[in-house]
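Structure first, then comments.
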Amino acid sequence: MSTRDQEPRPYTGLPDFHPPMPHPNLTSAHDRLFTSPAQYGVQTTMERHDSKKRSGSSDGAHTYDTPIT
Amino acid sequence: MLTLRLTPYTSLRWAWNGTAYTTDDHASEIRPYQHPLVEQLAISDTHRTMLIVRERAADRPICAPQVRAVTPAEYDQATDAARRWPLDYVMIETRPHHPVRITAGAPRTTPLYLAHSDGVLHGSWEMADLRSFATALSPKETARLLIYRPRYGAETLFTGIHRLTERAVATFGGALDLHYPEPALHIRPRALAEDGGVLAAFTEAIDNAFDRRPFRPDTTAFHLTGGFDSGTIATWAAHRWPGQLSTGALLVIGAGRKQQLRRRKQLRDDLPFGERDFLVDCQHYPPLHPNCARVRGDVISPYEEPLHYPFAQLTAQLVSNGARALVTGLGGDEMVALSAEESDAVALANAHITEKLPWLGGRARAALEFSEDAIAPPAVVNSMTLLSLETTAPPLLRVGVWPLHPFTDPDMIRLGEELPMHWREFKSLQRRQLASLGLSEDVTNPVERESFVWLVEHSLKTYGVPLMRGMLAQGSPLFDAGLVDPDGLAGTLDELGRQPYDEEYHAKLLQVIDLHLAAQAFLS
């Protein structure tokens with residue numbers, strides 16, 4: 001994380017439109033975790049809108065629910 | 001992250017005036033939200049102009065906001081590159097004799113609502129700015145909200161006000177077209193290597209989420225509710241920036257209260273947080289209290305915090321102590337969610353959703369047949385998370401605080417989706433991470449339920465019932481539109497006095513009140 005205190009000079013070149021480079025090691029760290037290939041799919045409406053537990057931060061009441069195991 | 005007023009088919013020669021982009025005829029204006037974590041930049045090839053307001057990335061100098069002259073080829077390259085910005089952004093493209101186009105980024109850290117009239121497109125993160133464009137209640141959206149089955153899409157509670165959803169494009173010139181993107185693809189669970197360092201990958205993903213933005217720990221507050229999501233994020237951050245981080249939370253009432261106090265104390269004692277902790281006791285600031293901005297009649301979006309009053313108190317305390325950004329645990333539930341195929345618990349969690357609510361009006365009930373129509377396709381960030389970000393952002397932006405949600409980082413989302421079930425069920429990922437920091441069984445496996453359900457019950461019985469009696473006596477746009485049945489509501493209130501409170505049934509009355517207050521504020 002950048003912890004610079006002073007404001008840098010404005011940068012006027014076009015490279016500032018380009019996204020930052022990806023983290024150099026992230027992909028390899030993830031890939032070391034798994035033995036099967038990544039399989040991509042399209043979520044159903046329910047998958048992307050399900051309530052995730054009886055109540056919790058996804059619902060309107062914004063509970064801090066800590067469900068009993 | 002901005003407000004805008006765009007008039008296509010006018011001058012469209014843009015310049016930066018120090019706080020906003022304006023055209024030379026003043027028919028159009030784009031005013032970025034002023035915050036250290038937000039920047040703006042613009043280019044023009046004398047014919048086309050692209051202006052972008054976006055979240056700043058770490059380790060990149062601040063961009064000069066002045067409109068830069070470029071060649072057509074440079075314009076195309078820069079615009080294509082800008083669309084790949086990994087943090088949130090809003091891009092506006094203008095061109096003489098053509099409609100204007102607005103494109104939203106995927107993270108949707110802050111919402112953008114749009115409305116138009118007389119050939120002018122207006123937009124804001126603050127729905128109240130567009131109040132004059134609200135014409136009526138949407139039956140479909142009202143019904144979805146009343147039965148607690150929300151759907152992420154362009155439609156809002158009010159016809160005339162639209163939501164620009166993640167990666168969507170708004171095109172305005174005569175009429176407004178909102179175009180959804182292709183579905184974001186999501187990964188299925190994968191087989192874990194025997195020596196897979198899941199917790200190492202998890203903390204690495206949290207670090208990467210932090211490192212994308214140039215926030216300052218000394219002006220960034222962290223939610224530390226006692227819950228596993230904010231707890232995981234905040235404890236790792238304290239480990240990383242010892243002695244610097246302030247924390248805040250709402251203190252629940254009910255069975256989990258003492259446990260929450262005890263667990264939070266241990267979290268703060270055992271990890272090197274900063275000295276400042278802000279705990280707002282909800283028993284003193286219950287939602288629906290007469291001092292609540294919603295209840296006072298302020299124009300508050302229906303999508304903002306249901307617990308508006310206590311969260312406003314907490315935010316005020318954080319701001320008065322120097323916070324300019326707030327880190328939350330939003331998205332943590334979704335990161336480790338089980339699918340319906342994996343667990344009956346998902347079906348159980350959704351079992352409370354029912355259309356058999358006696359207060360549901362006939363027009364709302366009829367609209368439910370179409371509740372899945374025209375909703376957004378799968379998003380990069382889970383739809384429920386996106387809706388929860390929308391509840392959080394406006395109250396924070398109003399007081400100069402930028403929201404940060406590490407669980408919505410794409411690498412966090414991906415890691416969660418890939419983990420096998422035994423790492424996701426019962427939030428094992430978060431629990432094991434907290435345990436790895438040496439935190440006790442009380443912290444990692446609490447017995448009592450820490451929840452707002454008792455606060456909601458208390459608020460409904462104390463303040464909500466009189467508010468609803470007032471609705472019945474004085475009327476409501478919800479009744480007039482056939483969306484809430486006054487007889488059904490009156491019967492429920494009568495029963496409430498005679499029968500035990502059912503948290504999964506009676507708590508839904510909170511939405512009746514919030515929608516009534518919003519309808520009165522926006523439509524009267």
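Chain identifiers are assigned as A, B, and so on, following the order in which chains appear in the structure tokens; residues are numbered from 1 within each chain, and ligands are numbered from 1 in order of appearance.
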For the structure I just gave you, how does DSSP split range 128-320 of chain B - specifically, which residues are alpha helix (DSSP H)? Reply as number ranges by chain. B: 139-146, 198-211, 228-240, 257-270, 293-296, 308-320
Distance cut-off 6 Å, counting only C-alpha atoms - which residues of chain B neighbour chain A? Return them as a PyMOL selection string. chain B and resi 58-59+61-64+78+81-82+85+185-188+190-193+196+211+214+227+337+349-350+382-384+447+449-452
For the strand (DSSP E) assignment from backbone DSSP, which residues of range 39-135 of chain B qualify? Please present them as number ranges by chain. B: 39-44, 49-55, 67-69, 89-94, 100-104, 113-117, 120-124
How many Å separate CA of Val401 in chain B from CA of Arg268 in chain B?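 Computing the Euclidean distance for CA of Val401 in chain B and CA of Arg268 in chain B yields 23.1 Å.
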I'd like the contact shell of range 41-49 of chain B - 7 Å cut-off, only C-alpha atoms, skipping same-chain residues fewer than 6 positions apart - returned as a list in words. Cys63, Ala64, Pro65, Gln66, Val67, Arg68, Ala69, Val70, Thr71, Pro72, Tyr75, Glu93, Thr94, Arg95 and Pro96 of chain B
Could you dump the residues just selected with N, CA and C atoms as a PDB file, in the first residue's frame?
ATOM      1  N   CYS B  63      -3.679  12.272 -11.401  1.00  0.00           N
ATOM      2  CA  CYS B  63      -3.774  12.701 -12.801  1.00  0.00           C
ATOM      3  C   CYS B  63      -4.189  14.168 -12.885  1.00  0.00           C
ATOM      4  N   ALA B  64      -3.665  14.846 -13.888  1.00  0.00           N
ATOM      5  CA  ALA B  64      -4.102  16.209 -14.152  1.00  0.00           C
ATOM      6  C   ALA B  64      -5.509  16.180 -14.721  1.00  0.00           C
ATOM      7  N   PRO B  65      -6.429  16.962 -14.194  1.00  0.00           N
ATOM      8  CA  PRO B  65      -7.817  16.883 -14.649  1.00  0.00           C
ATOM      9  C   PRO B  65      -8.114  17.643 -15.948  1.00  0.00           C
ATOM     10  N   GLN B  66      -7.214  18.532 -16.361  1.00  0.00           N
ATOM     11  CA  GLN B  66      -7.512  19.351 -17.559  1.00  0.00           C
ATOM     12  C   GLN B  66      -7.752  18.462 -18.766  1.00  0.00           C
ATOM     13  N   VAL B  67      -8.620  18.927 -19.651  1.00  0.00           N
ATOM     14  CA  VAL B  67      -8.910  18.178 -20.867  1.00  0.00           C
ATOM     15  C   VAL B  67      -7.688  18.255 -21.778  1.00  0.00           C
ATOM     16  N   ARG B  68      -7.177  17.099 -22.187  1.00  0.00           N
ATOM     17  CA  ARG B  68      -5.960  17.041 -22.991  1.00  0.00           C
ATOM     18  C   ARG B  68      -6.313  16.812 -24.462  1.00  0.00           C
ATOM     19  N   ALA B  69      -5.630  17.506 -25.322  1.00  0.00           N
ATOM     20  CA  ALA B  69      -5.832  17.326 -26.758  1.00  0.00           C
ATOM     21  C   ALA B  69      -5.039  16.116 -27.214  1.00  0.00           C
ATOM     22  N   VAL B  70      -5.698  15.225 -27.921  1.00  0.00           N
ATOM     23  CA  VAL B  70      -5.050  14.002 -28.408  1.00  0.00           C
ATOM     24  C   VAL B  70      -5.442  13.773 -29.851  1.00  0.00           C
ATOM     25  N   THR B  71      -4.726  12.869 -30.518  1.00  0.00           N
ATOM     26  CA  THR B  71      -5.095  12.488 -31.883  1.00  0.00           C
ATOM     27  C   THR B  71      -6.237  11.477 -31.823  1.00  0.00           C
ATOM     28  N   PRO B  72      -6.951  11.277 -32.901  1.00  0.00           N
ATOM     29  CA  PRO B  72      -8.000  10.243 -32.905  1.00  0.00           C
ATOM     30  C   PRO B  72      -7.485   8.866 -32.519  1.00  0.00           C
ATOM     31  N   TYR B  75      -6.948   8.848 -28.844  1.00  0.00           N
ATOM     32  CA  TYR B  75      -8.264   8.826 -28.189  1.00  0.00           C
ATOM     33  C   TYR B  75      -8.781   7.397 -28.100  1.00  0.00           C
ATOM     34  N   GLU B  93     -18.783   9.824 -22.540  1.00  0.00           N
ATOM     35  CA  GLU B  93     -18.285  10.094 -23.896  1.00  0.00           C
ATOM     36  C   GLU B  93     -19.289  11.017 -24.598  1.00  0.00           C
ATOM     37  N   THR B  94     -18.775  12.102 -25.149  1.00  0.00           N
ATOM     38  CA  THR B  94     -19.648  13.026 -25.865  1.00  0.00           C
ATOM     39  C   THR B  94     -19.082  13.308 -27.248  1.00  0.00           C
ATOM     40  N   ARG B  95     -19.979  13.653 -28.148  1.00  0.00           N
ATOM     41  CA  ARG B  95     -19.600  13.846 -29.553  1.00  0.00           C
ATOM     42  C   ARG B  95     -20.697  14.686 -30.191  1.00  0.00           C
ATOM     43  N   PRO B  96     -20.329  15.706 -30.960  1.00  0.00           N
ATOM     44  CA  PRO B  96     -21.372  16.549 -31.567  1.00  0.00           C
ATOM     45  C   PRO B  96     -22.337  15.726 -32.411  1.00  0.00           C
TER      46      PRO B  96
END
Could the residues of range 317-379 of chain B that have an atom at most 10 Å from range 169-182 of chain B be listed as a tab-separated table, each with its closest atom pair and the distance in Å to one decimal, counting only C-alpha atoms and ordered by chain and ascending residue number?
residue	atom	partner	partner_atom	distance
B:Ala374	CA	B:Tyr180	CA	9.4
B:Ile375	CA	B:Tyr180	CA	9.0
B:Ala376	CA	B:Tyr180	CA	6.4
B:Pro377	CA	B:Glu182	CA	7.1
B:Pro378	CA	B:Glu182	CA	8.2
B:Ala379	CA	B:Pro181	CA	8.8
Skip His239 in chain B itself and residues of its chain fewer than 2 positions away, then list as a PyMOL selection string all residues within 10 Å of it, counting only C-alpha atoms. chain B and resi 234-237+241-243+271-273+437
Counting only C-alpha atoms, closest pick from B:Glu304, B:Leu429, B:Met421, B:Pro107 relative to Gly197 in chain B is B:Leu429
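When CA of Thr159 in chain B is paired with CA of Ala136 in chain B, their separation reads 5.4 Å.
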Can you measure CA of Leu523 in chain B to CA of Ala134 in chain B for me? One decimal in Å is fine.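 Computing the Euclidean distance for CA of Leu523 in chain B and CA of Ala134 in chain B yields 6.6 Å.
The residue set within 12 Å of Asp24 in chain B, counting only C-alpha atoms and dropping same-chain residues fewer than 4 places from it, reads B:Thr10, B:Ser11, B:Leu12, B:Arg13, B:Trp14, B:Ala15, B:Trp16, B:Asn17, B:Ser28, B:Glu29.
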Residues of the last selection are to be written out with C-alpha atoms, as a compact mmCIF listing (two decimals), in the first residue's frame.
# COMPACT_ATOMS: atom_id res chain seq x y z
CA THR B 10 -25.22 21.31 -27.80
CA SER B 11 -21.69 22.71 -27.66
CA LEU B 12 -19.88 19.84 -25.86
CA ARG B 13 -16.58 21.78 -25.74
CA TRP B 14 -15.39 20.82 -22.29
CA ALA B 15 -13.01 22.45 -19.83
CA TRP B 16 -12.04 21.88 -16.21
CA ASN B 17 -12.82 24.84 -13.91
CA SER B 28 -23.49 20.33 -19.49
CA GLU B 29 -21.57 19.76 -16.30
